[in-house]
$ cat entry.txt   # compact mmCIF, C-alpha atoms
# COMPACT_ATOMS: atom_id res chain seq x y z
CA MET A 1 -7.85 3.75 -7.59
CA PRO A 2 -10.76 4.26 -5.16
CA TYR A 3 -10.65 7.95 -6.19
CA TYR A 4 -10.92 6.95 -9.84
CA ILE A 5 -13.91 4.72 -9.01
CA GLY A 6 -15.42 7.55 -6.95
CA ASP A 7 -14.92 9.78 -10.03
CA VAL A 8 -12.70 12.28 -8.20
CA ILE A 9 -10.14 11.22 -10.81
CA LYS A 10 -12.09 11.22 -14.07
CA GLU A 11 -9.82 9.43 -16.48
CA GLU A 12 -8.11 6.08 -16.31
CA ARG A 13 -5.01 7.46 -18.04
CA LYS A 14 -4.32 9.79 -15.10
CA LEU A 15 -3.36 6.71 -13.10
CA VAL A 16 -0.81 5.55 -15.64
CA ILE A 17 2.46 7.28 -14.79
CA ARG A 18 4.31 6.09 -17.86
CA THR A 19 2.71 4.34 -20.83
CA PRO A 20 4.35 1.46 -22.72
CA GLU A 21 4.83 3.91 -25.63
CA LYS A 22 6.74 6.32 -23.38
CA PHE A 23 8.86 3.44 -22.12
CA ARG A 24 9.65 2.36 -25.67
CA GLU A 25 10.72 5.91 -26.54
CA THR A 26 13.35 5.66 -23.80
CA GLY A 27 14.55 2.30 -25.08
CA VAL A 28 12.68 0.08 -22.62
CA ASP A 29 10.67 -2.74 -24.21
CA VAL A 30 7.33 -3.72 -22.76
CA ARG A 31 5.35 -6.90 -23.35
CA LEU A 32 1.81 -6.88 -22.01
CA HIS A 33 -0.56 -9.79 -21.33
CA VAL A 34 2.21 -12.35 -20.97
CA ILE A 35 2.92 -14.35 -17.83
CA ALA A 36 6.40 -15.41 -16.77
CA GLU A 37 5.75 -19.07 -16.07
CA GLU A 38 9.17 -20.36 -15.19
CA VAL A 39 12.68 -19.09 -14.60
CA ASP A 40 15.76 -21.21 -15.13
CA ALA A 41 18.17 -19.30 -12.92
CA ASP A 42 21.15 -21.49 -13.87
CA LYS A 43 20.76 -20.78 -17.58
CA GLY A 44 19.33 -17.28 -17.19
CA VAL A 45 16.12 -17.92 -19.11
CA VAL A 46 12.53 -16.81 -18.46
CA ARG A 47 9.84 -18.88 -20.15
CA LEU A 48 6.66 -17.01 -21.00
CA SER A 49 3.01 -18.00 -21.40
CA ASP A 50 3.07 -17.20 -25.13
CA GLY A 51 5.61 -19.99 -25.70
CA THR A 52 8.62 -17.71 -26.12
CA ALA A 53 11.63 -17.39 -23.86
CA LEU A 54 13.85 -14.49 -22.86
CA ASN A 55 17.53 -14.68 -21.98
CA TYR A 56 18.66 -12.44 -19.18
CA ASP A 57 21.91 -11.38 -17.56
CA ILE A 58 20.08 -9.62 -14.75
CA LEU A 59 16.57 -10.36 -13.54
CA ALA A 60 14.32 -8.10 -11.47
CA LEU A 61 11.13 -9.37 -9.85
CA GLY A 62 8.23 -7.06 -9.19
CA MET A 63 5.29 -9.46 -9.14
CA GLY A 64 3.33 -7.58 -6.51
CA THR A 65 0.55 -9.14 -4.48
CA SER A 66 -2.75 -10.89 -5.03
CA PRO A 67 -5.87 -10.17 -3.02
CA PHE A 68 -6.74 -12.62 -0.28
CA VAL A 69 -10.13 -14.16 -0.90
CA PRO A 70 -12.06 -16.31 1.56
CA LYS A 71 -12.70 -19.92 0.51
CA ILE A 72 -16.43 -19.53 -0.04
CA PRO A 73 -18.79 -20.38 -2.90
CA GLY A 74 -20.07 -17.71 -5.28
CA LEU A 75 -16.92 -15.65 -5.82
CA ASP A 76 -17.29 -16.12 -9.59
CA LEU A 77 -20.75 -14.50 -9.73
CA GLU A 78 -21.19 -11.29 -11.66
CA GLY A 79 -20.92 -8.32 -9.31
CA VAL A 80 -18.27 -9.84 -7.05
CA PHE A 81 -14.98 -7.94 -7.21
CA THR A 82 -11.54 -7.54 -5.73
CA LEU A 83 -9.58 -4.33 -6.29
CA LYS A 84 -5.95 -4.81 -7.23
CA THR A 85 -5.33 -3.81 -10.82
CA LEU A 86 -6.37 -0.85 -12.91
CA ASN A 87 -8.44 -3.33 -14.89
CA ASP A 88 -10.35 -4.18 -11.68
CA ALA A 89 -10.93 -0.48 -11.04
CA THR A 90 -12.20 0.10 -14.56
CA ARG A 91 -14.54 -2.89 -14.33
CA ILE A 92 -15.93 -1.70 -11.00
CA LYS A 93 -16.41 1.84 -12.32
CA ALA A 94 -18.24 0.55 -15.39
CA PHE A 95 -20.36 -1.78 -13.25
CA ILE A 96 -21.51 1.07 -11.01
CA LYS A 97 -22.35 3.20 -14.02
CA ASP A 98 -23.98 0.65 -16.31
CA SER A 99 -25.57 -2.01 -14.13
CA PRO A 100 -28.19 -1.29 -11.59
CA CYS A 101 -25.92 -1.01 -8.55
CA ARG A 102 -28.11 0.16 -5.71
CA LYS A 103 -26.32 -1.50 -2.87
CA ALA A 104 -22.79 -2.76 -2.18
CA VAL A 105 -21.33 -4.96 0.52
CA ILE A 106 -17.66 -4.34 1.26
CA VAL A 107 -15.95 -7.22 3.02
CA GLY A 108 -13.06 -5.84 5.04
CA ALA A 109 -12.70 -2.53 6.90
CA GLY A 110 -9.04 -1.88 6.16
CA PHE A 111 -7.90 1.12 4.18
CA ILE A 112 -9.19 -0.15 0.81
CA GLY A 113 -12.56 -0.95 2.40
CA MET A 114 -12.69 2.49 3.97
CA GLU A 115 -11.68 4.38 0.83
CA MET A 116 -14.10 2.33 -1.25
CA SER A 117 -16.97 2.96 1.18
CA GLU A 118 -16.57 6.67 0.49
CA ALA A 119 -16.16 6.13 -3.27
CA LEU A 120 -19.29 3.98 -3.56
CA LYS A 121 -21.42 6.09 -1.25
CA THR A 122 -20.40 9.21 -3.18
CA ARG A 123 -21.56 7.51 -6.37
CA GLY A 124 -24.97 6.99 -4.79
CA VAL A 125 -24.52 3.33 -3.86
CA ASP A 126 -25.96 2.26 -0.52
CA THR A 127 -22.89 0.81 1.23
CA HIS A 128 -22.52 -1.77 3.98
CA VAL A 129 -19.09 -2.73 5.36
CA VAL A 130 -18.60 -6.02 7.21
CA ASP A 131 -15.50 -7.20 9.03
CA LEU A 132 -14.46 -10.16 11.15
CA MET A 133 -12.97 -7.72 13.66
CA PRO A 134 -15.00 -5.85 16.27
CA ARG A 135 -14.21 -2.44 14.73
CA PRO A 136 -13.03 -0.78 11.52
CA ALA A 137 -9.37 0.13 10.91
CA VAL A 138 -7.95 -2.21 13.56
CA ARG A 139 -4.44 -0.90 12.89
CA TRP A 140 -5.60 2.14 14.90
CA ASP A 141 -6.40 2.42 18.60
CA PRO A 142 -10.01 1.51 19.56
CA GLU A 143 -10.58 5.16 20.52
CA PHE A 144 -9.66 6.21 16.98
CA SER A 145 -11.62 3.36 15.36
CA LYS A 146 -14.63 4.76 17.21
CA VAL A 147 -14.14 8.14 15.54
CA ILE A 148 -13.87 6.43 12.14
CA LEU A 149 -17.03 4.43 12.85
CA GLU A 150 -18.87 7.61 13.88
CA GLU A 151 -17.88 9.20 10.58
CA LEU A 152 -19.13 6.15 8.63
CA THR A 153 -22.43 6.31 10.52
CA ARG A 154 -22.75 10.07 9.97
CA GLN A 155 -22.30 9.49 6.24
CA GLY A 156 -24.86 6.69 6.14
CA VAL A 157 -22.46 3.79 5.65
CA ALA A 158 -23.53 0.71 7.64
CA PHE A 159 -20.91 -1.32 9.51
CA SER A 160 -21.31 -4.86 10.87
CA PRO A 161 -18.54 -5.92 13.26
CA ASN A 162 -17.59 -9.54 14.06
CA THR A 163 -19.12 -10.68 10.79
CA GLY A 164 -17.71 -13.22 8.38
CA ILE A 165 -19.20 -14.08 5.03
CA VAL A 166 -19.83 -17.75 4.32
CA ALA A 167 -21.32 -17.76 0.81
CA ILE A 168 -22.47 -15.54 -2.03
CA ASP A 169 -25.53 -16.51 -4.03
CA LYS A 170 -27.92 -15.02 -6.52
CA GLY A 171 -30.32 -12.69 -4.72
CA LYS A 172 -34.04 -12.01 -5.06
CA GLY A 173 -34.54 -8.26 -4.78
CA TYR A 174 -30.89 -7.54 -5.61
CA ARG A 175 -28.40 -9.31 -7.85
CA LEU A 176 -26.58 -11.06 -5.00
CA HIS A 177 -27.25 -12.53 -1.60
CA VAL A 178 -24.40 -12.51 0.91
CA ALA A 179 -24.73 -15.15 3.61
CA THR A 180 -22.92 -14.24 6.82
CA ASP A 181 -22.30 -16.29 9.93
CA ASP A 182 -25.23 -14.62 11.64
CA GLY A 183 -27.69 -14.05 8.82
CA GLY A 184 -27.37 -12.40 5.46
CA MET A 185 -27.97 -9.39 3.29
CA GLU A 186 -28.67 -8.63 -0.35
CA ALA A 187 -26.64 -6.36 -2.60
CA ASP A 188 -25.93 -5.75 -6.28
CA MET A 189 -22.19 -5.71 -5.72
CA VAL A 190 -19.71 -7.32 -3.33
CA LEU A 191 -16.14 -6.09 -2.93
CA ILE A 192 -13.70 -8.38 -1.16
CA ALA A 193 -10.98 -6.28 0.50
CA ILE A 194 -9.51 -8.39 3.29
CA GLY A 195 -5.84 -7.97 2.47
CA VAL A 196 -3.19 -9.20 0.08
CA ARG A 197 -0.46 -11.82 -0.06
CA PRO A 198 2.84 -11.50 -1.92
CA ASN A 199 3.21 -13.30 -5.25
CA VAL A 200 6.22 -15.49 -4.57
CA LYS A 201 5.54 -18.76 -6.36
CA LEU A 202 7.86 -18.02 -9.27
CA ALA A 203 10.58 -16.93 -6.82
CA ALA A 204 10.14 -19.98 -4.59
CA ASP A 205 10.17 -22.29 -7.62
CA MET A 206 13.54 -20.92 -8.74
CA GLY A 207 14.96 -21.46 -5.28
CA LEU A 208 15.05 -17.90 -3.93
CA GLN A 209 14.94 -17.45 -0.17
CA ILE A 210 11.50 -16.50 1.09
CA GLY A 211 11.48 -14.54 4.35
CA LYS A 212 9.51 -15.26 7.54
CA THR A 213 6.84 -12.82 6.39
CA GLY A 214 6.15 -14.94 3.30
CA ALA A 215 7.62 -12.31 0.98
CA ILE A 216 10.88 -12.58 -0.98
CA GLN A 217 13.99 -12.01 1.11
CA VAL A 218 16.17 -9.13 -0.09
CA ASP A 219 19.13 -7.17 1.23
CA PHE A 220 19.47 -3.38 1.47
CA SER A 221 20.52 -3.26 -2.21
CA GLN A 222 17.33 -5.16 -3.21
CA ARG A 223 19.37 -8.26 -4.11
CA THR A 224 17.75 -11.65 -3.55
CA SER A 225 19.57 -14.77 -2.39
CA LYS A 226 20.69 -15.54 -5.96
CA GLU A 227 23.39 -13.61 -7.82
CA GLY A 228 22.03 -11.27 -10.48
CA ILE A 229 18.41 -11.45 -9.31
CA TYR A 230 16.74 -8.47 -7.65
CA ALA A 231 13.27 -8.09 -6.13
CA VAL A 232 11.30 -4.92 -5.47
CA GLY A 233 7.91 -3.77 -4.26
CA ASP A 234 5.03 -5.67 -2.71
CA CYS A 235 6.42 -9.14 -3.50
CA CYS A 236 9.50 -8.63 -1.30
CA GLU A 237 10.35 -7.67 2.25
CA VAL A 238 11.48 -4.29 3.53
CA TYR A 239 13.56 -3.39 6.56
CA HIS A 240 11.52 -1.84 9.37
CA ARG A 241 13.70 0.69 11.16
CA VAL A 242 11.73 0.63 14.43
CA SER A 243 11.15 -3.10 14.87
CA LYS A 244 14.62 -3.70 13.40
CA ARG A 245 13.12 -6.65 11.56
CA TRP A 246 12.34 -7.37 7.94
CA ALA A 247 8.66 -6.79 7.32
CA HIS A 248 6.12 -7.06 4.52
CA VAL A 249 4.62 -3.62 3.87
CA PRO A 250 2.86 -3.70 0.51
CA LEU A 251 2.51 0.00 -0.34
CA GLY A 252 3.14 1.68 -3.69
CA ASP A 253 5.38 4.45 -2.40
CA ILE A 254 7.81 1.90 -0.99
CA ALA A 255 7.76 -0.06 -4.26
CA ASN A 256 8.78 3.08 -6.17
CA LYS A 257 11.77 3.65 -3.92
CA GLN A 258 12.90 0.04 -3.88
CA GLY A 259 12.58 -0.01 -7.67
CA ARG A 260 14.77 3.04 -8.03
CA VAL A 261 17.41 1.58 -5.70
CA ALA A 262 17.46 -1.73 -7.58
CA GLY A 263 17.57 0.08 -10.92
CA ARG A 264 20.53 2.21 -9.85
CA ASN A 265 22.43 -0.83 -8.60
CA ILE A 266 21.66 -2.77 -11.76
CA GLY A 267 22.93 0.20 -13.77
CA GLY A 268 26.31 0.07 -12.03
CA GLY A 269 25.61 2.23 -9.00
CA SER A 270 25.87 1.30 -5.36
CA ILE A 271 23.06 2.60 -3.17
CA ILE A 272 20.92 1.13 -0.44
CA PHE A 273 17.27 1.39 0.49
CA PRO A 274 17.30 2.52 4.12
CA GLY A 275 13.98 0.94 5.07
CA VAL A 276 10.67 2.20 6.39
CA VAL A 277 9.11 3.22 9.69
CA GLY A 278 5.66 1.91 8.78
CA ALA A 279 3.96 5.20 7.90
CA GLN A 280 0.53 4.90 6.34
CA SER A 281 -2.67 6.88 6.00
CA PHE A 282 -6.14 6.88 4.55
CA LYS A 283 -9.05 9.25 4.31
CA VAL A 284 -12.68 8.32 4.73
CA PHE A 285 -15.15 11.15 4.06
CA HIS A 286 -14.12 13.96 6.46
CA CYS A 287 -11.78 11.86 8.54
CA GLU A 288 -8.02 11.54 8.10
CA ALA A 289 -6.33 8.57 9.73
CA ALA A 290 -2.58 8.06 9.86
CA ALA A 291 -0.20 5.79 11.73
CA THR A 292 3.52 5.18 11.91
CA GLY A 293 5.91 2.90 13.75
CA LEU A 294 4.68 0.26 16.19
CA ASP A 295 1.60 -0.11 18.36
CA GLU A 296 1.92 -1.49 21.92
CA ALA A 297 1.46 -5.15 20.93
CA GLU A 298 4.05 -4.93 18.16
CA ALA A 299 6.43 -3.07 20.49
CA LEU A 300 6.10 -5.75 23.17
CA ASN A 301 6.69 -8.39 20.54
CA CYS A 302 9.93 -6.64 19.58
CA GLY A 303 11.19 -6.63 23.17
CA TYR A 304 10.41 -2.98 23.95
CA HIS A 305 8.63 -1.74 27.08
CA PRO A 306 5.88 0.36 25.55
CA VAL A 307 4.12 3.20 27.34
CA SER A 308 1.42 5.09 25.49
CA ASN A 309 -1.06 7.91 25.75
CA ILE A 310 -3.79 9.55 23.69
CA ILE A 311 -4.60 13.23 23.75
CA TRP A 312 -7.30 15.20 21.94
CA GLY A 313 -6.35 18.66 20.78
CA ASN A 314 -7.17 21.22 18.16
CA ALA A 315 -5.43 21.07 14.79
CA ILE A 316 -5.59 24.89 14.56
CA ALA A 317 -5.18 27.73 17.08
CA ARG A 318 -7.95 28.03 19.66
CA SER A 319 -8.58 31.65 18.62
CA MET A 320 -9.47 30.56 15.08
CA PRO A 321 -13.12 29.88 14.25
CA GLY A 322 -14.22 26.24 13.97
CA GLU A 323 -12.53 23.71 16.19
CA LYS A 324 -10.79 20.90 14.33
CA ARG A 325 -10.37 18.08 16.76
CA VAL A 326 -7.36 15.87 16.24
CA GLY A 327 -6.39 12.87 18.34
CA VAL A 328 -2.74 11.98 18.76
CA LYS A 329 -1.49 8.75 20.23
CA LEU A 330 2.17 8.21 21.07
CA VAL A 331 3.93 5.01 22.03
CA ALA A 332 7.39 5.21 23.60
CA ASP A 333 9.92 2.85 25.10
CA ARG A 334 10.24 3.09 28.87
CA ALA A 335 13.84 1.89 28.80
CA THR A 336 15.21 4.45 26.35
CA GLY A 337 12.57 7.20 26.27
CA LYS A 338 12.49 6.93 22.50
CA LEU A 339 9.39 7.19 20.37
CA LEU A 340 8.21 3.81 19.02
CA GLY A 341 5.03 4.74 17.20
CA ALA A 342 2.27 7.24 16.68
CA GLN A 343 -1.28 7.46 15.38
CA ALA A 344 -3.55 10.37 14.61
CA VAL A 345 -7.16 10.88 13.56
CA GLY A 346 -9.04 14.07 12.74
CA THR A 347 -10.87 16.07 10.13
CA THR A 348 -7.56 17.68 9.19
CA GLY A 349 -3.97 17.78 10.37
CA ALA A 350 -3.64 14.09 11.20
CA VAL A 351 -1.45 13.04 8.28
CA ASN A 352 0.97 15.98 8.52
CA ARG A 353 1.52 15.29 12.21
CA ILE A 354 2.23 11.63 11.54
CA ASN A 355 4.73 12.63 8.85
CA VAL A 356 6.59 14.70 11.43
CA LEU A 357 6.54 11.83 13.88
CA SER A 358 7.74 9.46 11.15
CA CYS A 359 10.84 11.64 10.82
CA ALA A 360 11.29 11.39 14.58
CA LEU A 361 11.08 7.60 14.35
CA TRP A 362 13.45 7.57 11.40
CA SER A 363 16.07 9.40 13.44
CA GLY A 364 15.39 7.67 16.76
CA ILE A 365 14.44 10.86 18.60
CA SER A 366 13.33 10.71 22.23
CA VAL A 367 9.98 11.89 23.55
CA ASP A 368 11.44 14.75 25.63
CA GLU A 369 12.89 16.31 22.47
CA ILE A 370 9.56 15.95 20.66
CA GLY A 371 7.95 17.97 23.47
CA TYR A 372 9.93 21.01 22.31
CA PHE A 373 10.13 20.38 18.53
CA ASP A 374 10.24 23.55 16.46
CA PHE A 375 7.22 23.61 14.12
CA ALA A 376 6.10 26.05 11.44
CA TYR A 377 3.51 27.64 13.73
CA ALA A 378 0.75 29.94 12.50
CA PRO A 379 -2.86 30.03 13.78
CA PRO A 380 -4.49 28.37 10.73
CA PHE A 381 -2.12 25.40 11.01
CA SER A 382 -1.64 24.69 14.71
CA PRO A 383 -1.90 26.01 18.24
CA ALA A 384 1.32 27.43 19.71
CA TRP A 385 1.53 24.25 21.73
CA ASP A 386 0.83 21.70 19.01
CA PRO A 387 -1.06 18.51 19.94
CA ILE A 388 2.26 16.73 19.29
CA HIS A 389 3.98 18.83 21.99
CA ILE A 390 1.14 18.19 24.42
CA ALA A 391 1.09 14.45 23.72
CA ALA A 392 4.86 14.18 24.10
CA GLN A 393 4.98 16.16 27.35
CA GLU A 394 2.12 14.14 28.84
CA LEU A 395 3.72 10.88 27.83
CA LEU A 396 7.01 11.98 29.35
CA ARG A 397 5.33 12.09 32.75
CA LYS A 398 4.36 8.43 32.40
CA LEU A 399 7.79 7.23 31.28
CA MET B 1 23.39 10.09 -28.02
CA GLY B 2 21.95 9.33 -31.45
CA TYR B 3 19.66 6.52 -32.44
CA LYS B 4 22.42 4.53 -34.10
CA GLN B 5 24.57 4.66 -31.01
CA GLU B 6 21.65 3.48 -28.91
CA ARG B 7 21.09 0.49 -31.16
CA GLU B 8 24.75 -0.45 -30.92
CA ASP B 9 24.60 -0.12 -27.16
CA LYS B 10 21.60 -2.42 -27.08
CA VAL B 11 23.50 -5.08 -28.89
CA MET B 12 26.49 -4.69 -26.62
CA GLY B 13 24.76 -4.20 -23.26
CA LYS B 14 23.50 -6.74 -20.80
CA ASN B 15 19.94 -8.04 -20.90
CA LEU B 16 17.77 -6.90 -18.02
CA VAL B 17 14.42 -8.68 -17.78
CA ILE B 18 11.86 -7.32 -15.34
CA ILE B 19 8.93 -9.52 -14.36
CA GLY B 20 6.01 -7.29 -13.39
CA GLY B 21 5.45 -3.72 -14.58
CA GLY B 22 3.82 -2.22 -11.49
CA ALA B 23 5.26 0.64 -9.46
CA GLY B 24 8.33 -1.40 -8.48
CA GLY B 25 9.15 -3.01 -11.82
CA ALA B 26 8.53 0.19 -13.79
CA SER B 27 10.86 2.10 -11.45
CA VAL B 28 13.57 -0.50 -11.93
CA ALA B 29 13.26 -0.11 -15.71
CA ALA B 30 13.39 3.68 -15.68
CA GLU B 31 16.31 3.97 -13.26
CA ALA B 32 18.39 1.12 -14.69
CA LYS B 33 18.11 2.53 -18.21
CA ARG B 34 18.94 6.03 -16.92
CA SER B 35 21.99 4.73 -15.04
CA ASP B 36 23.25 2.51 -17.83
CA PRO B 37 21.83 3.33 -21.28
CA SER B 38 23.61 0.30 -22.75
CA LEU B 39 21.26 -2.08 -20.92
CA ALA B 40 18.66 -3.87 -23.02
CA VAL B 41 15.60 -3.64 -20.79
CA MET B 42 12.43 -5.71 -21.19
CA ILE B 43 9.37 -5.50 -18.91
CA VAL B 44 7.08 -8.53 -18.93
CA GLU B 45 3.64 -7.72 -17.55
CA SER B 46 0.68 -10.10 -17.11
CA GLY B 47 -1.91 -7.31 -17.17
CA GLY B 48 -2.75 -4.62 -19.67
CA PHE B 49 -0.91 -1.69 -18.06
CA VAL B 50 2.49 -0.78 -16.68
CA SER B 51 3.47 1.90 -14.19
CA VAL B 52 0.10 2.35 -12.52
CA ALA B 53 -0.46 4.50 -9.43
CA ALA B 54 -2.42 2.77 -6.67

$ encode --input "entry.txt" --output "structure tokens"
Amino acid sequence: MPYYIGDVIKEERKLVIRTPEKFRETGVDVRLHVIAEEVDADKGVVRLSDGTALNYDILALGMGTSPFVPKIPGLDLEGVFTLKTLNDATRIKAFIKDSPCRKAVIVGAGFIGMEMSEALKTRGVDTHVVDLMPRPAVRWDPEFSKVILEELTRQGVAFSPNTGIVAIDKGKGYRLHVATDDGGMEADMVLIAIGVRPNVKLAADMGLQIGKTGAIQVDFSQRTSKEGIYAVGDCCEVYHRVSKRWAHVPLGDIANKQGRVAGRNIGGGSIIFPGVVGAQSFKVFHCEAAATGLDEAEALNCGYHPVSNIIWGNAIARSMPGEKRVGVKLVADRATGKLLGAQAVGTTGAVNRINVLSCALWSGISVDEIGYFDFAYAPPFSPAWDPIHIAAQELLRKL
Amino acid sequence: MGYKQEREDKVMGKNLVIIGGGAGGASVAAEAKRSDPSLAVMIVESGGFVSVAA
């Protein structure tokens, strides 16, 4: 959706994979603008906000998440947004186009904050990102956050670390005034992007087990704790193959897969969703950032003995014109020599390397094997010794 | 399978209700109906769209 707001994607309909009309053609009914208010799991009835009720034999829950918002005054003012639904995206896009929107404050430097900083800046909006944390993209190593921050600065996006917002008010020179814990700033638009929480109230009310993460507990078949009720996507947990724990990883690609698994099982099949390794990425201007698996703190928390290293290499062969620096971080377990996690940042070639390392995590491959992985080498794509090989061989010496 | 057959299947099949038509719910609908065409599938969505890419 940030790419739709940034006008890289021109039309709203490009984001709709399948319209209600298409669904109806295949025999699936769709009712829009109705809220499921209550489920009687004993009787198999869903009561809806329009006063009607639906009987079910099988129920599937895909309620998604809601954006976290800080408990501060002024969130209802015009120009204050969260970005969750396509409706939000369309409203933001219209606001940028039709209202004077000279300056935006983005609260939160996670991947939505980063993608939106590029989208807004590209649309000519002066953009300022604030975050409670000391650096952007805290999922990544401080050395990589620094590269991301340098890119923001190069592109003219301001960043204020260690900054919380305490209130939003009407502004003088701009539409809004954002009061922070150490001052304030004015802007025409404020985007709150500090994370999401799973929508589980309906599930909790009907007595479904909620997991430690706060999301709905499911098994590998996407079944909940009650017979005949499934849950999929951002409202439920997913098995993390590296931590070997159930996690909450609200990402659309995972939701698609869980949905397909649940659908197959509901339709009489018997398949499982094998879990995730925690792969994720974002792009901000000319910087790719990707991560997979665990970082050191998470690894420690899971009882591993993490050892890590960071190397900087070239994403293409040294003989090729134009160096493309890429940083690769690996985390491995001292006890077993297995890879636990990886991160990469660079102008290009970061995401594809993390995809490779995600496969390594998926299969539980050890670092010494990664040091001699067979890649599709050619000068425009990598050096003969890829940064992954170099990182793995260096890390091996520390294990 | 003709239209008439499909209608009969609908009457005979189980009711699947899906709450939420995002990526997850929409995938459930598509795959369940593909796997078992006799299912009567209903998506209930609070917003104005289903099956939206993030």

$ residues_around --input "entry.txt" --residues "Phe95 (chain A)" --least-positions-apart "3" --cutoff "10 Å" --atoms "only C-alpha atoms" --output "ChimeraX atom specification"
/A:78-79,89-92,98-101,188-189

$ interface_residues --input "entry.txt" --of "chain B" --to "chain A" --cutoff "7 Å" --atoms "all atoms listed in the file" --output "number ranges by chain"
B: 14-25, 27-29, 31-33, 35-36, 41-48, 50-54

$ closest_residue --input "entry.txt" --among "A:Leu396, A:Val331, A:Ala342, A:Ala350" --to "Phe282 (chain A)" --atoms "all atoms listed in the file"
A:Ala350

$ residues_around --input "entry.txt" --residues "Val328 (chain A)" --least-positions-apart "5" --cutoff "10 Å" --atoms "all atoms listed in the file" --output "short mmCIF file (atom, residue, chain, number, x, y, z; two decimals) with C-alpha atoms, in the coordinates of the input"
data_model
loop_
_atom_site.label_atom_id
_atom_site.label_comp_id
_atom_site.auth_asym_id
_atom_site.auth_seq_id
_atom_site.Cartn_x
_atom_site.Cartn_y
_atom_site.Cartn_z
CA PHE A 144 -9.66 6.21 16.98
CA ALA A 290 -2.58 8.06 9.86
CA ALA A 291 -0.20 5.79 11.73
CA ASN A 309 -1.06 7.91 25.75
CA ILE A 310 -3.79 9.55 23.69
CA ILE A 311 -4.60 13.23 23.75
CA TRP A 312 -7.30 15.20 21.94
CA GLY A 313 -6.35 18.66 20.78
CA ALA A 342 2.27 7.24 16.68
CA GLN A 343 -1.28 7.46 15.38
CA ALA A 344 -3.55 10.37 14.61
CA VAL A 345 -7.16 10.88 13.56
CA GLY A 346 -9.04 14.07 12.74
CA ALA A 350 -3.64 14.09 11.20
CA ARG A 353 1.52 15.29 12.21
CA ILE A 354 2.23 11.63 11.54
CA PRO A 387 -1.06 18.51 19.94
CA ILE A 388 2.26 16.73 19.29
CA ILE A 390 1.14 18.19 24.42
CA ALA A 391 1.09 14.45 23.72
CA ALA A 392 4.86 14.18 24.10
#

$ residues_around --input "entry.txt" --residues "Lys121 (chain A)" --least-positions-apart "5" --cutoff "8 Å" --atoms "only C-alpha atoms" --output "PyMOL selection string"
chain A and resi 126-127+157

$ atom_distance --input "entry.txt" --atom1 "CA of His286 (chain A)" --atom2 "CA of Leu152 (chain A)"
9.5 Å

$ atom_distance --input "entry.txt" --atom1 "CA of Ala279 (chain A)" --atom2 "CA of Leu357 (chain A)"
9.3 Å

$ closest_residue --input "entry.txt" --among "A:Glu143, A:Asp50, A:Asp40, A:Glu394" --to "Leu330 (chain A)" --atoms "only C-alpha atoms"
A:Glu394

$ atom_distance --input "entry.txt" --atom1 "CA of Val178 (chain A)" --atom2 "CA of Ala94 (chain A)"
21.8 Å

$ build_atoms --input "entry.txt" --residues "region 39-49 of chain A" --atoms "N, CA and C atoms" --output "PDB file, in the coordinates of the input"
ATOM      1  N   VAL A  39      11.349 -19.683 -14.437  1.00  0.00           N
ATOM      2  CA  VAL A  39      12.680 -19.090 -14.600  1.00  0.00           C
ATOM      3  C   VAL A  39      13.714 -20.187 -14.371  1.00  0.00           C
ATOM      4  N   ASP A  40      14.616 -20.336 -15.321  1.00  0.00           N
ATOM      5  CA  ASP A  40      15.760 -21.210 -15.130  1.00  0.00           C
ATOM      6  C   ASP A  40      16.937 -20.326 -14.737  1.00  0.00           C
ATOM      7  N   ALA A  41      17.173 -20.250 -13.424  1.00  0.00           N
ATOM      8  CA  ALA A  41      18.170 -19.300 -12.920  1.00  0.00           C
ATOM      9  C   ALA A  41      19.593 -19.734 -13.267  1.00  0.00           C
ATOM     10  N   ASP A  42      19.802 -21.022 -13.510  1.00  0.00           N
ATOM     11  CA  ASP A  42      21.150 -21.490 -13.870  1.00  0.00           C
ATOM     12  C   ASP A  42      21.499 -21.049 -15.289  1.00  0.00           C
ATOM     13  N   LYS A  43      20.515 -21.152 -16.182  1.00  0.00           N
ATOM     14  CA  LYS A  43      20.760 -20.780 -17.580  1.00  0.00           C
ATOM     15  C   LYS A  43      20.468 -19.308 -17.852  1.00  0.00           C
ATOM     16  N   GLY A  44      19.707 -18.665 -16.960  1.00  0.00           N
ATOM     17  CA  GLY A  44      19.330 -17.280 -17.190  1.00  0.00           C
ATOM     18  C   GLY A  44      18.261 -17.148 -18.262  1.00  0.00           C
ATOM     19  N   VAL A  45      17.196 -17.927 -18.105  1.00  0.00           N
ATOM     20  CA  VAL A  45      16.120 -17.920 -19.110  1.00  0.00           C
ATOM     21  C   VAL A  45      14.768 -17.798 -18.402  1.00  0.00           C
ATOM     22  N   VAL A  46      13.915 -16.917 -18.931  1.00  0.00           N
ATOM     23  CA  VAL A  46      12.530 -16.810 -18.460  1.00  0.00           C
ATOM     24  C   VAL A  46      11.622 -17.370 -19.535  1.00  0.00           C
ATOM     25  N   ARG A  47      10.800 -18.340 -19.183  1.00  0.00           N
ATOM     26  CA  ARG A  47       9.840 -18.880 -20.150  1.00  0.00           C
ATOM     27  C   ARG A  47       8.476 -18.235 -19.943  1.00  0.00           C
ATOM     28  N   LEU A  48       7.893 -17.797 -21.061  1.00  0.00           N
ATOM     29  CA  LEU A  48       6.660 -17.010 -21.000  1.00  0.00           C
ATOM     30  C   LEU A  48       5.444 -17.804 -21.471  1.00  0.00           C
ATOM     31  N   SER A  49       4.263 -17.309 -21.091  1.00  0.00           N
ATOM     32  CA  SER A  49       3.010 -18.000 -21.400  1.00  0.00           C
ATOM     33  C   SER A  49       2.698 -18.039 -22.892  1.00  0.00           C
TER      34      SER A  49
END
